[in-house]
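*Asks:* If it helps, the file is called protein-v2.cif and holds mmCIF, C-alpha atoms:
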```
data_protein
loop_
_atom_site.label_atom_id
_atom_site.label_comp_id
_atom_site.auth_asym_id
_atom_site.auth_seq_id
_atom_site.Cartn_x
_atom_site.Cartn_y
_atom_site.Cartn_z
CA MET A 729 145.36 99.75 -1.04
CA GLU A 730 146.56 102.33 -3.56
CA THR A 731 148.17 100.92 -6.70
CA ASP A 732 151.50 102.70 -6.10
CA GLN A 733 151.67 101.28 -2.58
CA MET A 734 150.87 97.77 -3.82
CA ILE A 735 153.63 97.95 -6.43
CA MET A 736 156.12 99.26 -3.87
CA GLU A 737 155.30 96.40 -1.51
CA ALA A 738 155.47 93.90 -4.39
CA ARG A 739 158.97 95.12 -5.23
CA GLU A 740 160.11 94.66 -1.63
CA TYR A 741 158.49 91.23 -1.41
CA VAL A 742 160.08 89.93 -4.60
CA LYS A 743 163.43 91.51 -3.75
CA ASP A 744 163.45 89.69 -0.42
CA ARG A 745 162.54 86.39 -2.10
CA LEU A 746 165.17 86.55 -4.85
CA LYS A 747 168.00 88.71 -3.50
CA SER A 748 170.30 85.69 -3.00
CA GLU A 749 169.23 83.62 -6.03
CA PRO A 750 172.47 82.52 -7.78
CA SER A 751 171.06 81.35 -11.12
CA GLY A 752 170.70 84.68 -12.91
CA HIS A 753 167.00 84.81 -11.96
CA ASP A 754 167.73 87.14 -9.08
CA TRP A 755 166.25 90.46 -7.98
CA TRP A 756 168.33 92.44 -10.48
CA HIS A 757 166.92 90.38 -13.34
CA ILE A 758 163.43 91.19 -12.05
CA TYR A 759 164.35 94.86 -11.71
CA ARG A 760 165.55 95.07 -15.32
CA VAL A 761 162.50 93.25 -16.66
CA ALA A 762 160.20 95.55 -14.71
CA GLU A 763 162.02 98.65 -15.98
CA TRP A 764 161.87 97.46 -19.60
CA SER A 765 158.22 96.51 -19.15
CA LYS A 766 157.40 100.05 -18.05
CA ARG A 767 159.38 101.51 -20.93
CA LEU A 768 157.75 99.26 -23.53
CA ALA A 769 154.29 99.80 -22.01
CA GLU A 770 154.68 103.54 -22.45
CA GLN A 771 155.82 103.18 -26.05
CA GLU A 772 153.19 100.61 -27.01
CA GLY A 773 150.24 101.99 -25.05
CA ALA A 774 149.89 99.04 -22.66
CA ASP A 775 148.60 99.17 -19.09
CA PRO A 776 151.70 99.97 -16.99
CA VAL A 777 150.30 98.55 -13.75
CA VAL A 778 149.53 95.15 -15.26
CA CYS A 779 152.91 95.09 -16.99
CA GLU A 780 154.91 96.00 -13.90
CA LEU A 781 153.14 93.57 -11.59
CA ALA A 782 153.49 90.69 -14.06
CA ALA A 783 157.16 91.54 -14.54
CA LEU A 784 157.80 91.66 -10.79
CA PHE A 785 156.16 88.31 -10.06
CA HIS A 786 156.95 86.31 -13.22
CA ASP A 787 159.81 84.21 -11.85
CA LEU A 788 157.97 83.31 -8.65
CA ALA A 789 156.01 80.78 -10.71
CA ASP A 790 159.05 79.42 -12.55
CA GLU A 791 160.00 75.84 -11.70
CA LYS A 792 163.66 76.91 -11.73
CA ILE A 793 162.80 78.91 -8.60
CA VAL A 794 159.79 77.28 -6.92
CA ALA A 795 158.70 73.69 -6.35
CA SER A 796 155.96 73.83 -8.99
CA LYS A 797 154.33 76.33 -11.31
CA GLU A 798 150.96 75.67 -9.71
CA GLU A 799 152.28 76.40 -6.24
CA GLY A 800 153.90 79.60 -7.44
CA MET A 801 150.79 80.81 -9.25
CA ALA A 802 148.65 80.18 -6.16
CA ALA A 803 151.06 82.14 -3.97
CA ILE A 804 151.08 85.09 -6.41
CA SER A 805 147.28 85.08 -6.58
CA SER A 806 147.02 85.08 -2.78
CA TRP A 807 149.54 87.91 -2.41
CA LEU A 808 147.81 90.12 -4.99
CA THR A 809 144.36 89.48 -3.52
CA GLU A 810 145.54 90.17 0.02
CA HIS A 811 147.07 93.45 -1.15
CA GLY A 812 143.90 94.77 -2.74
CA ALA A 813 144.12 93.73 -6.40
CA ASP A 814 140.71 93.11 -7.93
CA ALA A 815 139.84 89.84 -9.65
CA ALA A 816 140.35 91.21 -13.17
CA LEU A 817 143.86 92.45 -12.35
CA VAL A 818 144.80 89.16 -10.67
CA ASP A 819 143.53 87.14 -13.61
CA HIS A 820 145.38 89.29 -16.14
CA VAL A 821 148.68 89.10 -14.26
CA LEU A 822 148.37 85.34 -13.81
CA GLU A 823 147.46 84.82 -17.47
CA ILE A 824 150.62 86.65 -18.52
CA ILE A 825 152.86 84.77 -16.10
CA GLY A 826 151.33 81.43 -17.04
CA THR A 827 151.91 81.94 -20.77
CA MET A 828 155.11 83.95 -21.20
CA SER A 829 157.76 81.26 -20.60
CA TYR A 830 159.83 80.13 -23.59
CA GLY A 831 159.45 76.47 -22.62
CA GLY A 832 161.22 75.08 -25.68
CA GLY A 833 159.75 77.66 -28.05
CA GLY A 834 156.42 75.95 -28.61
CA GLY A 835 154.17 78.03 -26.39
CA ARG A 836 151.01 79.77 -27.55
CA PRO A 837 151.19 83.48 -28.42
CA MET A 838 150.47 86.06 -25.74
CA SER A 839 146.81 87.06 -25.90
CA THR A 840 147.11 90.68 -24.69
CA LEU A 841 149.33 93.65 -25.42
CA GLU A 842 150.48 93.65 -21.80
CA GLY A 843 151.54 90.03 -22.14
CA ARG A 844 153.49 90.78 -25.28
CA VAL A 845 155.24 93.67 -23.54
CA VAL A 846 156.30 91.65 -20.49
CA GLN A 847 157.38 88.68 -22.58
CA ASP A 848 159.56 90.99 -24.68
CA ALA A 849 161.10 92.59 -21.58
CA ASP A 850 161.96 89.18 -20.15
CA ARG A 851 163.43 88.00 -23.44
CA LEU A 852 165.54 91.13 -23.81
CA ASP A 853 167.19 90.31 -20.48
CA ALA A 854 168.10 86.87 -21.85
CA ILE A 855 170.23 88.25 -24.69
CA GLY A 856 173.11 90.67 -25.19
CA ALA A 857 175.86 91.19 -22.61
CA ILE A 858 173.49 90.65 -19.68
CA GLY A 859 172.11 87.54 -21.34
CA ILE A 860 175.60 86.10 -21.78
CA ALA A 861 176.42 86.70 -18.12
CA ARG A 862 173.12 85.23 -16.94
CA THR A 863 173.50 82.16 -19.15
CA PHE A 864 176.86 81.26 -17.67
CA ALA A 865 175.62 82.01 -14.15
CA PHE A 866 172.68 79.65 -14.67
CA GLY A 867 174.86 76.94 -16.21
CA GLY A 868 177.26 77.12 -13.28
CA SER A 869 174.42 76.95 -10.77
CA ARG A 870 173.23 73.73 -12.43
CA GLY A 871 176.67 72.14 -12.80
CA ARG A 872 176.60 72.26 -16.60
CA LEU A 873 179.68 72.00 -18.73
CA MET A 874 180.62 75.28 -20.35
CA TYR A 875 181.11 73.65 -23.76
CA ASP A 876 181.72 70.27 -25.35
CA PRO A 877 182.46 70.25 -29.12
CA ALA A 878 181.27 66.64 -29.30
CA GLU A 879 177.77 67.57 -28.13
CA PRO A 880 175.84 69.43 -30.84
CA PRO A 881 172.88 71.67 -29.99
CA ARG A 882 169.38 70.47 -30.73
CA ASN A 883 167.36 72.31 -33.35
CA SER A 884 164.08 71.76 -31.50
CA MET A 885 162.98 70.48 -28.11
CA THR A 886 159.74 69.66 -26.33
CA GLN A 887 158.98 71.60 -23.17
CA GLU A 888 159.96 68.54 -21.12
CA GLU A 889 163.31 68.25 -22.90
CA TYR A 890 163.90 71.97 -22.51
CA ARG A 891 163.35 71.76 -18.75
CA SER A 892 165.15 68.50 -18.05
CA ARG A 893 168.04 68.28 -20.50
CA GLN A 894 171.44 68.99 -19.02
CA GLY A 895 173.22 70.19 -22.14
CA THR A 896 176.06 72.72 -22.19
CA THR A 897 175.94 76.44 -21.63
CA VAL A 898 177.19 77.35 -25.10
CA ASN A 899 174.59 75.08 -26.71
CA HIS A 900 171.91 77.11 -24.93
CA PHE A 901 172.75 80.05 -27.18
CA TYR A 902 171.89 78.00 -30.27
CA GLU A 903 168.94 76.18 -28.72
CA LYS A 904 167.22 79.32 -27.42
CA LEU A 905 168.97 82.67 -27.16
CA LEU A 906 169.80 83.22 -30.83
CA LYS A 907 166.15 82.51 -31.67
CA LEU A 908 164.73 85.22 -29.44
CA LYS A 909 165.40 88.18 -31.77
CA ASP A 910 162.83 86.87 -34.24
CA LEU A 911 160.28 86.15 -31.51
CA MET A 912 159.98 89.69 -30.16
CA ASN A 913 156.44 91.04 -30.27
CA THR A 914 156.80 94.82 -30.23
CA PRO A 915 158.71 97.15 -32.56
CA ALA A 916 160.67 98.76 -29.72
CA ALA A 917 161.82 95.38 -28.43
CA GLN A 918 162.69 94.24 -31.95
CA ARG A 919 165.03 97.21 -32.36
CA GLU A 920 166.76 96.60 -29.04
CA ALA A 921 166.99 92.85 -29.68
CA ALA A 922 168.80 93.35 -32.99
CA ALA A 923 171.75 95.05 -31.28
CA ARG A 924 171.89 92.52 -28.46
CA HIS A 925 171.70 89.62 -30.92
CA ALA A 926 174.66 91.00 -32.88
CA PHE A 927 176.69 91.24 -29.68
CA MET A 928 176.01 87.56 -28.87
CA GLU A 929 177.08 86.52 -32.37
CA GLN A 930 180.31 88.46 -31.90
CA PHE A 931 180.89 86.79 -28.53
CA LEU A 932 180.31 83.29 -29.90
CA ALA A 933 182.65 83.91 -32.85
CA GLN A 934 185.37 85.03 -30.44
CA PHE A 935 184.66 82.05 -28.16
CA GLN A 936 185.14 79.63 -31.06
CA ARG A 937 188.39 81.34 -32.06
CA GLU A 938 189.77 81.01 -28.55
CA TRP A 939 188.44 77.54 -27.72
CA PRO A 940 191.20 75.40 -29.36
CA GLY A 941 193.82 77.14 -27.19
CA GLU A 942 195.98 77.96 -30.18
CA GLU A 943 197.75 81.21 -30.95
CA ALA A 944 195.82 83.41 -33.36
CA PRO A 945 197.56 83.95 -36.70
CA LYS A 946 199.66 87.13 -36.73
CA LYS A 947 199.44 89.68 -39.50
CA GLY A 948 201.54 88.58 -42.45
CA ARG A 949 201.97 85.06 -41.09
CA VAL A 950 201.48 82.24 -43.59
#
```
When written as structure tokens, how does the structure in this file appear?

*Replies:*
Amino acid sequence: METDQMIMEAREYVKDRLKSEPSGHDWWHIYRVAEWSKRLAEQEGADPVVCELAALFHDLADEKIVASKEEGMAAISSWLTEHGADAALVDHVLEIIGTMSYGGGGGRPMSTLEGRVVQDADRLDAIGAIGIARTFAFGGSRGRLMYDPAEPPRNSMTQEEYRSRQGTTVNHFYEKLLKLKDLMNTPAAQREAAARHAFMEQFLAQFQREWPGEEAPKKGRV
């Protein structure tokens, strides 16, 4: 099968799998990550085919979506092989997907340029205006409280704590999202992340001003 045909069929397959996913890990998240992966691949000189395929399939091995990472990885491998991907391409895509997750922030660095590109694209979609919307969508889908002033965010977590801890949605900004700017791999992603990070800081400052439910001081008011 031609590469363009395989990618087109991959897009349709993933779209069908995730079109109704309510957690912010839906088809449109995949679409944006794939588009940013192609853009970053062009700027950084990475293999666009590897980047796009890894971006398209990356959430189909995420335990937030599938029963287990192992099950998801096996299904991705089977799909790629059945659609004509050679062993080297399958291995590269799976290596990226298996390594790129934040997982509490303690994961090993990506070993290839393509991995760094896809990881950056995924992390860009977790911050900024889209990241804010996705974070609250995910929190709502898991029944999390929006915010509790009595529950402080954790400075560090193991992968198990990151996956299992209930927490609050606003704490997630401090536990993960505000850390992503400094974890970007590529210069192009670093530039984009800086603007998105600033927008999140502005949002959180406004959130804290509004949270007490009190009237904001008027100009000239003592």

*Asks:* Counting all atoms listed in the file, figure out which residue out of A:Ile858, A:Ala813, A:Val821, A:Ile804 gets nearest to Leu788 in chain A.

*Replies:*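 Among A:Ile858, A:Ala813, A:Val821, A:Ile804, it is A:Ile804 that comes nearest to Leu788 in chain A.
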
*Asks:* Using the chain letters and numbers from the file, give me the residues hit by the PyMOL selection byres ((chain A and resi 861) around 12), as an mmCIF file with C-alpha atoms, in the frame of the given file.

*Replies:*
```cif
data_model
loop_
_atom_site.group_PDB
_atom_site.id
_atom_site.type_symbol
_atom_site.label_atom_id
_atom_site.label_comp_id
_atom_site.auth_asym_id
_atom_site.auth_seq_id
_atom_site.Cartn_x
_atom_site.Cartn_y
_atom_site.Cartn_z
ATOM 1 C CA PRO A 750 172.470 82.520 -7.780
ATOM 2 C CA SER A 751 171.060 81.350 -11.120
ATOM 3 C CA GLY A 752 170.700 84.680 -12.910
ATOM 4 C CA HIS A 753 167.000 84.810 -11.960
ATOM 5 C CA HIS A 757 166.920 90.380 -13.340
ATOM 6 C CA ASP A 853 167.190 90.310 -20.480
ATOM 7 C CA ALA A 854 168.100 86.870 -21.850
ATOM 8 C CA ILE A 855 170.230 88.250 -24.690
ATOM 9 C CA GLY A 856 173.110 90.670 -25.190
ATOM 10 C CA ALA A 857 175.860 91.190 -22.610
ATOM 11 C CA ILE A 858 173.490 90.650 -19.680
ATOM 12 C CA GLY A 859 172.110 87.540 -21.340
ATOM 13 C CA ILE A 860 175.600 86.100 -21.780
ATOM 14 C CA ARG A 862 173.120 85.230 -16.940
ATOM 15 C CA THR A 863 173.500 82.160 -19.150
ATOM 16 C CA PHE A 864 176.860 81.260 -17.670
ATOM 17 C CA ALA A 865 175.620 82.010 -14.150
ATOM 18 C CA PHE A 866 172.680 79.650 -14.670
ATOM 19 C CA GLY A 867 174.860 76.940 -16.210
ATOM 20 C CA GLY A 868 177.260 77.120 -13.280
ATOM 21 C CA THR A 897 175.940 76.440 -21.630
ATOM 22 C CA VAL A 898 177.190 77.350 -25.100
ATOM 23 C CA PHE A 901 172.750 80.050 -27.180
ATOM 24 C CA MET A 928 176.010 87.560 -28.870
ATOM 25 C CA PHE A 931 180.890 86.790 -28.530
#
```

*Asks:* What are the closest atom pairs, with distances in Å to one decimal, for each residue of range 741-848 of chain A lying within 12 Å of range 733-736 of chain A, using all atoms listed in the file, rows by chain and rising residue number, as JSON lines?

*Replies:*
```
{"residue": "A:Tyr741", "atom": "CA", "partner": "A:Met736", "partner_atom": "CA", "distance": 8.7}
{"residue": "A:Val742", "atom": "CA", "partner": "A:Met736", "partner_atom": "CA", "distance": 10.2}
{"residue": "A:Lys743", "atom": "CA", "partner": "A:Met736", "partner_atom": "CA", "distance": 10.7}
{"residue": "A:Ala762", "atom": "CA", "partner": "A:Ile735", "partner_atom": "CA", "distance": 10.8}
{"residue": "A:Pro776", "atom": "CA", "partner": "A:Ile735", "partner_atom": "CA", "distance": 10.9}
{"residue": "A:Val777", "atom": "CA", "partner": "A:Ile735", "partner_atom": "CA", "distance": 8.1}
{"residue": "A:Val778", "atom": "CA", "partner": "A:Ile735", "partner_atom": "CA", "distance": 10.1}
{"residue": "A:Cys779", "atom": "CA", "partner": "A:Ile735", "partner_atom": "CA", "distance": 11.0}
{"residue": "A:Glu780", "atom": "CA", "partner": "A:Ile735", "partner_atom": "CA", "distance": 7.8}
{"residue": "A:Leu781", "atom": "CA", "partner": "A:Ile735", "partner_atom": "CA", "distance": 6.8}
{"residue": "A:Ala782", "atom": "CA", "partner": "A:Ile735", "partner_atom": "CA", "distance": 10.5}
{"residue": "A:Ala783", "atom": "CA", "partner": "A:Ile735", "partner_atom": "CA", "distance": 10.9}
{"residue": "A:Leu784", "atom": "CA", "partner": "A:Ile735", "partner_atom": "CA", "distance": 8.7}
{"residue": "A:Phe785", "atom": "CA", "partner": "A:Ile735", "partner_atom": "CA", "distance": 10.6}
{"residue": "A:Trp807", "atom": "CA", "partner": "A:Met734", "partner_atom": "CA", "distance": 10.0}
{"residue": "A:Leu808", "atom": "CA", "partner": "A:Met734", "partner_atom": "CA", "distance": 8.3}
{"residue": "A:Thr809", "atom": "CA", "partner": "A:Met734", "partner_atom": "CA", "distance": 10.5}
{"residue": "A:Glu810", "atom": "CA", "partner": "A:Met734", "partner_atom": "CA", "distance": 10.0}
{"residue": "A:His811", "atom": "CA", "partner": "A:Met734", "partner_atom": "CA", "distance": 6.3}
{"residue": "A:Gly812", "atom": "CA", "partner": "A:Met734", "partner_atom": "CA", "distance": 7.7}
{"residue": "A:Ala813", "atom": "CA", "partner": "A:Met734", "partner_atom": "CA", "distance": 8.3}
{"residue": "A:Asp814", "atom": "CA", "partner": "A:Met734", "partner_atom": "CA", "distance": 11.9}
```

*Asks:* Rank A:Leu906, A:Ala738, A:Leu746, A:Ile758 by their smallest atom-to-atom distance to Arg924 in chain A, using all atoms listed in the file, and report the top residue only.

*Replies:* A:Leu906

*Asks:* Would you mind telling me which residue in A:Lys909, A:Thr840, A:Ala849, A:Gly871 lies nearest to Thr896 in chain A when using all atoms listed in the file?

*Replies:*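 Looking only at the distances to Thr896 in chain A, the closest residue turns out to be A:Gly871.
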
*Asks:* I'd like the interatomic distance between CA of Asp848 in chain A and CA of Ala923 in chain A, to a tenth of an Å.

*Replies:*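 Between CA of Asp848 in chain A and CA of Ala923 in chain A the gap is 14.4 Å.
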
*Asks:* Got a sec to check which residues sit within 12 Å of (181.8, 66.7, -23.8), counting only C-alpha atoms, and write them as a list in words?

*Replies:*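 Returned residue set, sorted by chain then number, is Arg872, Leu873, Met874, Tyr875, Asp876, Pro877, Ala878, Glu879, Pro880, Pro881, Gln894, Gly895, Thr896, Thr897, Val898 and Asn899 of chain A.
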
*Asks:* When you draw a straight line from CA of Ser765 in chain A to CA of Val846 in chain A, how long is it in Å?

*Replies:*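 Computing it gives 5.4 Å between the two atoms.
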
*Asks:* From the set A:Ala789, A:Ala917, A:Ile825, A:Leu905, which residue has the shortest atom-to-atom contact distance to Leu768 in chain A, counting all atoms listed in the file?

*Replies:*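 The shortest atom-to-atom distance to Leu768 in chain A comes from A:Ala917.
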
*Asks:* I'd like the interatomic distance between CA of Glu920 in chain A and CA of Arg937 in chain A, to a tenth of an Å.

*Replies:* 26.6 Å

*Asks:* Pick the closest to Ile824 in chain A from A:Tyr902, A:Glu791, A:His786, A:Trp764: which is it, counting all atoms listed in the file?

*Replies:* A:His786

*Asks:* Convert the output of the PyMOL selection byres ((chain A and resi 827) around 9) on the shown file into explicit residues, formatted as a PDB file with C-alpha atoms, in the coordinates of the input.

*Replies:*
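And here is the file that came out, result-v1.pdb:
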```
ATOM      1  CA  LEU A 822     148.370  85.340 -13.810  1.00  0.00           C
ATOM      2  CA  GLU A 823     147.460  84.820 -17.470  1.00  0.00           C
ATOM      3  CA  ILE A 824     150.620  86.650 -18.520  1.00  0.00           C
ATOM      4  CA  ILE A 825     152.860  84.770 -16.100  1.00  0.00           C
ATOM      5  CA  GLY A 826     151.330  81.430 -17.040  1.00  0.00           C
ATOM      6  CA  MET A 828     155.110  83.950 -21.200  1.00  0.00           C
ATOM      7  CA  SER A 829     157.760  81.260 -20.600  1.00  0.00           C
ATOM      8  CA  TYR A 830     159.830  80.130 -23.590  1.00  0.00           C
ATOM      9  CA  GLY A 835     154.170  78.030 -26.390  1.00  0.00           C
ATOM     10  CA  ARG A 836     151.010  79.770 -27.550  1.00  0.00           C
ATOM     11  CA  PRO A 837     151.190  83.480 -28.420  1.00  0.00           C
ATOM     12  CA  MET A 838     150.470  86.060 -25.740  1.00  0.00           C
ATOM     13  CA  SER A 839     146.810  87.060 -25.900  1.00  0.00           C
ATOM     14  CA  GLY A 843     151.540  90.030 -22.140  1.00  0.00           C
ATOM     15  CA  GLN A 847     157.380  88.680 -22.580  1.00  0.00           C
TER      16      GLN A 847
END
```

*Asks:* Around the point (153.0, 102.2, -25.8), in the coordinates given by the file, pick out the residues reaching within 12 Å, counting all atoms listed in the file, and return them as JSON, numbers by chain.

*Replies:* {"A": [764, 765, 766, 767, 768, 769, 770, 771, 772, 773, 774, 775, 776, 779, 841, 842, 844, 845, 914, 915, 916, 917]}

*Asks:* Quick one: apply the PyMOL selection byres ((chain A and resi 800) around 10) to the file and drop the selected residues here as a short mmCIF file (atom, residue, chain, number, x, y, z; two decimals) with C-alpha atoms, in the coordinates of the input.

*Replies:*
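Printed below is selection11.cif as written:
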```cif
data_model
loop_
_atom_site.label_atom_id
_atom_site.label_comp_id
_atom_site.auth_asym_id
_atom_site.auth_seq_id
_atom_site.Cartn_x
_atom_site.Cartn_y
_atom_site.Cartn_z
CA PHE A 785 156.16 88.31 -10.06
CA HIS A 786 156.95 86.31 -13.22
CA ASP A 787 159.81 84.21 -11.85
CA LEU A 788 157.97 83.31 -8.65
CA ALA A 789 156.01 80.78 -10.71
CA ASP A 790 159.05 79.42 -12.55
CA GLU A 791 160.00 75.84 -11.70
CA ILE A 793 162.80 78.91 -8.60
CA VAL A 794 159.79 77.28 -6.92
CA ALA A 795 158.70 73.69 -6.35
CA SER A 796 155.96 73.83 -8.99
CA LYS A 797 154.33 76.33 -11.31
CA GLU A 798 150.96 75.67 -9.71
CA GLU A 799 152.28 76.40 -6.24
CA MET A 801 150.79 80.81 -9.25
CA ALA A 802 148.65 80.18 -6.16
CA ALA A 803 151.06 82.14 -3.97
CA ILE A 804 151.08 85.09 -6.41
CA SER A 805 147.28 85.08 -6.58
CA SER A 806 147.02 85.08 -2.78
#
```

*Asks:* Here is a test: counting all atoms listed in the file, which residue of A:Ala922, A:Trp755, A:Lys792, A:Arg745 is nearest to Arg870 in chain A?

*Replies:*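 Closest residue, counting all atoms listed in the file: A:Lys792.
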
*Asks:* Can you take the partial range 751-768 of chain A, add N, CA, C and O atoms, and return it as an mmCIF file, in the frame of the given file?

*Replies:*
```cif
data_model
loop_
_atom_site.group_PDB
_atom_site.id
_atom_site.type_symbol
_atom_site.label_atom_id
_atom_site.label_comp_id
_atom_site.auth_asym_id
_atom_site.auth_seq_id
_atom_site.Cartn_x
_atom_site.Cartn_y
_atom_site.Cartn_z
ATOM 1 N N SER A 751 171.188 81.932 -9.782
ATOM 2 C CA SER A 751 171.060 81.350 -11.120
ATOM 3 C C SER A 751 170.897 82.380 -12.235
ATOM 4 O O SER A 751 170.689 82.008 -13.380
ATOM 5 N N GLY A 752 170.982 83.662 -11.912
ATOM 6 C CA GLY A 752 170.700 84.680 -12.910
ATOM 7 C C GLY A 752 169.234 85.095 -12.926
ATOM 8 O O GLY A 752 168.847 85.993 -13.672
ATOM 9 N N HIS A 753 168.405 84.446 -12.105
ATOM 10 C CA HIS A 753 167.000 84.810 -11.960
ATOM 11 C C HIS A 753 166.820 85.518 -10.617
ATOM 12 O O HIS A 753 165.904 85.224 -9.849
ATOM 13 N N ASP A 754 167.694 86.455 -10.362
ATOM 14 C CA ASP A 754 167.730 87.140 -9.080
ATOM 15 C C ASP A 754 166.917 88.438 -9.135
ATOM 16 O O ASP A 754 166.247 88.732 -10.130
ATOM 17 N N TRP A 755 166.993 89.221 -8.041
ATOM 18 C CA TRP A 755 166.250 90.460 -7.980
ATOM 19 C C TRP A 755 166.632 91.416 -9.101
ATOM 20 O O TRP A 755 165.782 92.088 -9.663
ATOM 21 N N TRP A 756 167.907 91.488 -9.462
ATOM 22 C CA TRP A 756 168.330 92.440 -10.480
ATOM 23 C C TRP A 756 167.800 92.076 -11.856
ATOM 24 O O TRP A 756 167.546 92.954 -12.688
ATOM 25 N N HIS A 757 167.610 90.787 -12.112
ATOM 26 C CA HIS A 757 166.920 90.380 -13.340
ATOM 27 C C HIS A 757 165.481 90.902 -13.308
ATOM 28 O O HIS A 757 165.006 91.497 -14.290
ATOM 29 N N ILE A 758 164.797 90.702 -12.188
ATOM 30 C CA ILE A 758 163.430 91.190 -12.050
ATOM 31 C C ILE A 758 163.375 92.704 -12.229
ATOM 32 O O ILE A 758 162.488 93.236 -12.917
ATOM 33 N N TYR A 759 164.303 93.397 -11.607
ATOM 34 C CA TYR A 759 164.350 94.860 -11.710
ATOM 35 C C TYR A 759 164.458 95.297 -13.167
ATOM 36 O O TYR A 759 163.723 96.193 -13.609
ATOM 37 N N ARG A 760 165.374 94.679 -13.918
ATOM 38 C CA ARG A 760 165.550 95.070 -15.320
ATOM 39 C C ARG A 760 164.314 94.761 -16.147
ATOM 40 O O ARG A 760 163.898 95.562 -17.000
ATOM 41 N N VAL A 761 163.709 93.602 -15.913
ATOM 42 C CA VAL A 761 162.500 93.250 -16.660
ATOM 43 C C VAL A 761 161.372 94.223 -16.345
ATOM 44 O O VAL A 761 160.622 94.645 -17.235
ATOM 45 N N ALA A 762 161.242 94.594 -15.085
ATOM 46 C CA ALA A 762 160.200 95.550 -14.710
ATOM 47 C C ALA A 762 160.450 96.917 -15.361
ATOM 48 O O ALA A 762 159.510 97.565 -15.856
ATOM 49 N N GLU A 763 161.709 97.361 -15.371
ATOM 50 C CA GLU A 763 162.020 98.650 -15.980
ATOM 51 C C GLU A 763 161.749 98.640 -17.487
ATOM 52 O O GLU A 763 161.187 99.589 -18.043
ATOM 53 N N TRP A 764 162.141 97.559 -18.163
ATOM 54 C CA TRP A 764 161.870 97.460 -19.600
ATOM 55 C C TRP A 764 160.376 97.324 -19.864
ATOM 56 O O TRP A 764 159.864 97.836 -20.857
ATOM 57 N N SER A 765 159.665 96.641 -18.979
ATOM 58 C CA SER A 765 158.220 96.510 -19.150
ATOM 59 C C SER A 765 157.544 97.873 -19.081
ATOM 60 O O SER A 765 156.650 98.174 -19.885
ATOM 61 N N LYS A 766 157.971 98.714 -18.150
ATOM 62 C CA LYS A 766 157.400 100.050 -18.050
ATOM 63 C C LYS A 766 157.728 100.883 -19.286
ATOM 64 O O LYS A 766 156.868 101.611 -19.811
ATOM 65 N N ARG A 767 158.955 100.752 -19.761
ATOM 66 C CA ARG A 767 159.380 101.510 -20.930
ATOM 67 C C ARG A 767 158.601 101.074 -22.184
ATOM 68 O O ARG A 767 158.103 101.902 -22.950
ATOM 69 N N LEU A 768 158.485 99.768 -22.371
ATOM 70 C CA LEU A 768 157.750 99.260 -23.530
ATOM 71 C C LEU A 768 156.262 99.569 -23.419
ATOM 72 O O LEU A 768 155.608 99.857 -24.428
#
```
